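Here's start.tsv, which has TSV, C-alpha atoms:
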chain	number	residue	atom	x	y	z
A	1	GLU	CA	0.00	0.00	0.00
A	2	ILE	CA	2.78	2.49	0.86
A	3	ILE	CA	4.18	1.89	-2.64
A	4	GLU	CA	1.07	1.51	-4.78
A	5	LYS	CA	-1.11	4.22	-3.24
A	6	PRO	CA	1.21	7.18	-4.04
A	7	ALA	CA	1.71	5.78	-7.55
A	8	THR	CA	-2.04	5.50	-8.09
A	9	GLU	CA	-2.51	9.11	-6.94
A	10	LYS	CA	-0.14	10.18	-9.75
A	11	VAL	CA	-1.94	7.86	-12.19
A	12	LEU	CA	1.08	5.55	-12.37
A	13	TYR	CA	1.27	1.79	-12.18
A	14	PHE	CA	3.92	-0.93	-11.98
A	15	GLU	CA	4.70	-3.21	-14.90
A	16	PRO	CA	4.75	-6.06	-14.11
A	17	PRO	CA	2.79	-5.84	-10.82
A	18	GLU	CA	5.37	-8.18	-9.23
A	19	LEU	CA	7.89	-5.31	-9.40
A	20	VAL	CA	6.43	-4.10	-6.09
A	21	ASP	CA	7.50	-7.35	-4.44
A	22	ASP	CA	10.98	-7.04	-5.99
A	23	LEU	CA	11.37	-3.59	-4.48
A	24	ILE	CA	10.28	-4.71	-1.04
A	25	ASN	CA	12.44	-7.83	-1.09
A	26	GLU	CA	15.56	-5.84	-1.96
A	27	VAL	CA	15.23	-3.26	0.82
A	28	VAL	CA	13.55	-5.24	3.60
A	29	GLN	CA	16.83	-6.47	5.12
A	30	MET	CA	18.65	-3.14	4.78
A	31	PRO	CA	18.93	-0.53	7.55
A	32	GLY	CA	16.61	2.40	6.85
A	33	ALA	CA	14.43	0.42	4.46
A	34	LEU	CA	11.69	3.03	4.03
A	35	PRO	CA	14.00	5.95	3.06
A	36	LEU	CA	15.77	3.64	0.61
A	37	LEU	CA	12.46	2.57	-0.86
A	38	SER	CA	11.36	6.18	-1.20
A	39	PHE	CA	14.63	7.07	-2.92
A	40	THR	CA	14.33	4.17	-5.38
A	41	LEU	CA	10.76	5.08	-6.26
A	42	SER	CA	11.81	8.67	-6.90
A	43	GLN	CA	14.46	7.43	-9.33
A	44	LEU	CA	11.92	5.26	-11.15
A	45	TYR	CA	9.62	8.26	-11.41
A	46	LEU	CA	12.44	10.35	-12.91
A	47	ARG	CA	12.93	7.73	-15.60
A	48	CYS	CA	9.21	8.00	-16.38
A	49	CYS	CA	9.62	11.77	-16.69
A	50	ASP	CA	12.51	11.29	-19.12
A	51	ARG	CA	10.32	9.09	-21.32
A	52	TRP	CA	7.48	11.59	-21.25
A	53	GLN	CA	9.81	14.35	-22.38
A	54	LYS	CA	10.66	12.17	-25.37
A	55	GLY	CA	6.99	11.94	-26.29
A	56	GLU	CA	6.06	8.60	-24.74
A	57	THR	CA	2.69	8.34	-22.99
A	58	ASN	CA	3.18	5.08	-21.07
A	59	ARG	CA	2.67	5.80	-17.35
A	60	ALA	CA	4.18	2.54	-16.11
A	61	MET	CA	7.18	2.27	-13.82
A	62	THR	CA	8.73	-0.78	-15.40
A	63	LEU	CA	11.01	-3.66	-14.54
A	64	GLU	CA	13.25	-2.43	-17.36
A	65	ASP	CA	13.63	0.93	-15.60
A	66	TYR	CA	14.38	-0.82	-12.33
A	67	GLN	CA	17.03	-3.02	-13.91
A	68	ALA	CA	18.53	-0.14	-15.88
A	69	ASN	CA	19.00	1.73	-12.60
A	70	GLY	CA	20.76	-1.30	-11.14
A	71	GLY	CA	18.11	-1.96	-8.53
A	72	VAL	CA	18.13	-0.14	-5.20
A	73	MET	CA	21.89	-0.13	-4.59
A	74	GLY	CA	22.78	0.50	-8.20
A	75	SER	CA	20.45	3.49	-8.33
A	76	LEU	CA	21.92	4.95	-5.14
A	77	LYS	CA	25.54	4.49	-6.24
A	78	LYS	CA	24.89	5.85	-9.74
A	79	THR	CA	23.17	8.94	-8.35
A	80	ALA	CA	26.04	9.62	-5.94
A	81	THR	CA	28.63	9.18	-8.69
A	82	ASP	CA	26.70	11.43	-11.09
A	83	ILE	CA	26.58	14.21	-8.47
A	84	PHE	CA	30.28	13.74	-7.68
A	85	GLU	CA	31.25	14.05	-11.35
A	86	LYS	CA	28.91	16.98	-11.98
A	87	LEU	CA	30.31	18.99	-9.06
A	88	ILE	CA	33.85	18.46	-10.35
A	89	ASN	CA	33.04	19.05	-14.04
A	90	GLU	CA	31.17	22.27	-13.24
A	91	LYS	CA	34.08	23.31	-10.96
A	92	LYS	CA	31.73	23.75	-8.00
A	93	ALA	CA	33.92	21.55	-5.79
A	94	THR	CA	37.15	19.59	-5.87
A	95	GLU	CA	37.41	15.87	-5.22
A	96	GLN	CA	39.39	16.64	-2.09
A	97	THR	CA	36.64	18.79	-0.58
A	98	ILE	CA	33.97	16.22	-1.47
A	99	ARG	CA	36.10	13.57	0.22
A	100	HIS	CA	36.51	15.69	3.35
A	101	VAL	CA	32.76	16.27	3.61
A	102	MET	CA	31.71	12.68	2.96
A	103	LEU	CA	34.28	11.12	5.28
A	104	ARG	CA	33.07	13.41	8.06
A	105	MET	CA	29.77	11.56	7.77
A	106	VAL	CA	31.26	8.10	8.21
A	107	ALA	CA	31.49	6.39	11.59
A	108	VAL	CA	34.21	3.73	11.64
A	109	SER	CA	34.27	0.80	14.04
A	110	GLY	CA	36.79	-1.83	12.93
A	111	ASP	CA	35.74	-2.82	9.43
A	112	GLU	CA	32.17	-1.66	9.98
A	113	LEU	CA	30.90	1.64	8.56
A	114	ALA	CA	27.77	3.55	9.54
A	115	ARG	CA	26.39	6.98	8.85
A	116	ARG	CA	27.33	9.75	11.24
A	117	ARG	CA	25.38	12.90	12.10
A	118	VAL	CA	27.70	15.87	11.66
A	119	PRO	CA	27.17	19.28	13.31
A	120	GLU	CA	27.50	22.06	10.76
A	121	SER	CA	30.23	23.56	12.95
A	122	GLU	CA	32.43	20.62	11.88
A	123	LEU	CA	32.02	21.57	8.24
A	124	GLU	CA	33.40	25.10	8.38
A	125	TYR	CA	36.55	25.55	6.31
A	126	PRO	CA	38.53	28.50	5.00
A	127	GLU	CA	37.36	29.97	1.69
A	128	PRO	CA	37.01	28.97	-1.08
A	129	GLN	CA	36.51	25.49	0.40
A	130	ASN	CA	33.66	26.70	2.62
A	131	GLN	CA	31.61	27.64	-0.46
A	132	GLU	CA	32.43	24.26	-1.98
A	133	VAL	CA	31.11	22.55	1.14
A	134	LYS	CA	27.80	24.38	0.75
A	135	GLU	CA	27.55	23.32	-2.90
A	136	ILE	CA	28.28	19.69	-1.98
A	137	ILE	CA	25.70	19.56	0.78
A	138	LYS	CA	23.05	21.19	-1.42
A	139	ALA	CA	23.67	18.85	-4.36
A	140	PHE	CA	23.56	15.66	-2.30
A	141	THR	CA	20.59	16.90	-0.25
A	142	ASP	CA	18.61	17.80	-3.37
A	143	ALA	CA	19.22	14.24	-4.58
A	144	ARG	CA	17.90	12.87	-1.25
A	145	LEU	CA	21.26	11.33	-0.36
A	146	LEU	CA	21.89	13.68	2.57
A	147	VAL	CA	19.43	15.17	5.03
A	148	THR	CA	19.72	18.25	7.18
A	149	GLY	CA	18.03	19.10	10.43
A	150	THR	CA	18.28	20.66	13.87
A	151	SER	CA	19.07	18.72	17.02
A	152	SER	CA	17.15	19.05	20.30
A	153	ASP	CA	19.71	21.57	21.55
A	154	GLY	CA	19.24	23.76	18.50
A	155	GLU	CA	22.38	22.79	16.59
A	156	SER	CA	22.10	22.36	12.83
A	157	TYR	CA	23.42	19.11	11.38
A	158	VAL	CA	23.76	17.11	8.18
A	159	GLU	CA	23.92	13.32	7.78
A	160	PRO	CA	23.61	10.62	5.11
A	161	ALA	CA	20.02	9.71	4.41
A	162	HIS	CA	20.94	6.03	4.02
A	163	ASP	CA	23.43	3.68	5.68
A	164	ALA	CA	23.67	2.08	2.26
A	165	LEU	CA	25.43	5.20	0.97
A	166	VAL	CA	28.40	4.86	3.32
A	167	ASN	CA	28.48	1.07	2.99
A	168	GLY	CA	27.88	0.79	-0.74
A	169	TRP	CA	29.22	3.80	-2.63
A	170	ASP	CA	32.62	2.78	-4.00
A	171	LYS	CA	34.05	6.30	-3.61
A	172	ILE	CA	33.50	6.32	0.15
A	173	LEU	CA	34.92	2.80	0.48
A	174	GLU	CA	37.97	3.80	-1.57
A	175	TRP	CA	38.55	6.96	0.49
A	176	LYS	CA	38.04	5.10	3.75
A	177	ASN	CA	40.66	2.49	2.84
A	178	GLN	CA	43.11	5.13	1.62
A	179	TYR	CA	42.77	7.52	4.54
A	180	GLN	CA	41.68	5.26	7.40
A	181	GLU	CA	44.53	6.21	9.74
A	182	SER	CA	43.98	9.95	9.38
A	183	LEU	CA	40.21	9.40	9.64
A	184	LEU	CA	40.55	7.62	12.98
A	185	LEU	CA	42.91	10.35	14.23
A	186	GLN	CA	40.43	13.00	13.15
A	187	ARG	CA	37.62	11.27	15.05
A	188	ARG	CA	39.62	11.15	18.29
A	189	LEU	CA	40.75	14.77	18.04
A	190	THR	CA	37.31	16.01	17.04
A	191	THR	CA	35.72	14.29	20.04
A	192	ALA	CA	38.32	15.84	22.36
A	193	ALA	CA	37.87	19.28	20.82
A	194	MET	CA	34.07	19.09	21.09
A	195	GLU	CA	34.34	18.08	24.75
A	196	TRP	CA	36.74	20.95	25.43
A	197	LYS	CA	34.34	23.37	23.74
A	198	ARG	CA	31.38	22.05	25.78
A	199	ARG	CA	33.23	22.45	29.06
A	200	LYS	CA	34.39	25.92	28.11
A	201	GLN	CA	30.80	26.99	27.44
A	202	GLU	CA	29.80	25.69	30.85
A	203	GLN	CA	32.62	27.67	32.53
A	204	PRO	CA	33.00	30.78	30.36
A	205	ARG	CA	34.99	32.88	32.82
A	206	LYS	CA	37.96	30.58	33.25
A	207	LYS	CA	41.36	31.09	31.67
A	208	THR	CA	40.41	28.63	28.94
A	209	ASP	CA	38.77	31.63	27.24
A	210	LEU	CA	42.22	32.38	25.89
A	211	PHE	CA	41.98	29.24	23.73
A	212	GLU	CA	38.78	30.19	21.90
A	213	PRO	CA	40.40	29.91	18.42
A	214	PHE	CA	41.50	26.31	18.99
A	215	PHE	CA	38.46	24.51	17.64
A	216	GLY	CA	38.47	26.35	14.32
A	217	TRP	CA	42.27	26.16	14.15
A	218	PHE	CA	42.14	22.37	14.48
A	219	ASP	CA	39.88	21.89	11.47
A	220	VAL	CA	41.90	24.29	9.32
A	221	LYS	CA	45.20	22.61	10.20
A	222	PHE	CA	43.77	19.13	9.68
A	223	TYR	CA	42.47	20.20	6.27
A	224	GLN	CA	45.87	21.65	5.35
A	225	LEU	CA	47.61	18.45	6.50
A	226	ASN	CA	45.40	16.37	4.23
A	227	ARG	CA	46.18	18.67	1.31
A	228	PHE	CA	49.88	18.16	1.97
A	229	ILE	CA	49.45	14.37	2.09
A	230	ASP	CA	47.53	14.46	-1.20
A	231	ARG	CA	50.28	16.41	-2.94
A	232	PHE	CA	52.94	14.09	-1.52
A	233	LYS	CA	51.12	10.99	-2.79
A	234	LYS	CA	50.76	12.48	-6.27
A	235	LYS	CA	54.52	12.98	-6.46
A	236	GLU	CA	55.21	9.32	-5.61
Transcribe the structure of this file into structure tokens.
Amino acid sequence: EIIEKPATEKVLYFEPPELVDDLINEVVQMPGALPLLSFTLSQLYLRCCDRWQKGETNRAMTLEDYQANGGVMGSLKKTATDIFEKLINEKKATEQTIRHVMLRMVAVSGDELARRRVPESELEYPEPQNQEVKEIIKAFTDARLLVTGTSSDGESYVEPAHDALVNGWDKILEWKNQYQESLLLQRRLTTAAMEWKRRKQEQPRKKTDLFEPFFGWFDVKFYQLNRFIDRFKKKE
């Protein structure tokens, strides 16, 4: 019903009808099944729109469309890769900045990956990278791969919409394997810096006020260190 009712409201149908079962069977064992299902249906609908623009009148979301998208995971990975390439080709962001943003949203525990909610304060970089970060977040959010929100304490955040993105997109897996040591170091230092900032806010009149620039300084220096490592690797 949650699949067929919205389709019926838009005068759409599934061809063959068993496609509904295929969709459910693919996502039912995945974390965040409903958001993944919603994303996949949106991609099927976009393929319908493409056909209509070419003059077709068939209002079916078809098995051929589903297979052409690569199923649920194929559709998600293709969409992420298309956005990645578009941002670079249109010079809205560099691969390095995209990597920094996406790896911020990965929680690592041994070989296991999960999505991580990231406060917007962790995504502030020096210009022009800061503008790139905004472009990246907007592009992936518009594609329903990232979501933004506000926590109970009023802090804005961004996070992957699907665990499948951090576990299935080959770019994230490649970056994680390549930069795992620096990623783990970043996590430890970020946690320590956030705790220091929290305690400072609770005790604003202590001498720790003198270290106000530290939190921003840490992110800038870590970003610069990664740029240095990238250049070094390219020379090898």
Quote the spacing between CA of Phe14 in chain A and CA of Gln67 in chain A in Å to one decimal place.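 Taking CA of Phe14 in chain A as the start and CA of Gln67 in chain A as the end point, the length is 13.4 Å.
Those residues that approach range 87-92 of chain A to within 8 Å, counting all atoms listed in the file, are Glu132, Glu135 and Ile136 of chain A; same-chain residues fewer than 5 positions away are not listed.
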Would you kindly identify which residues have an atom no farther than 12 Å from (23.6, -0.8, -5.3), using all atoms listed in the file and the file's own coordinates, and write them out as a PyMOL selection string? chain A and resi 26-27+30+36+40+66-81+162-170
Nearest to Asp22 in chain A by atom-to-atom distance, counting all atoms listed in the file, from A:Met102, A:Val108, A:Leu37, A:Val133: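 Result for the nearest residue to Asp22 in chain A: A:Leu37.
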To one decimal in Å, tell me the separation between CA of Arg115 in chain A and CA of Asp21 in chain A.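 Taking CA of Arg115 in chain A as the start and CA of Asp21 in chain A as the end point, the length is 27.2 Å.
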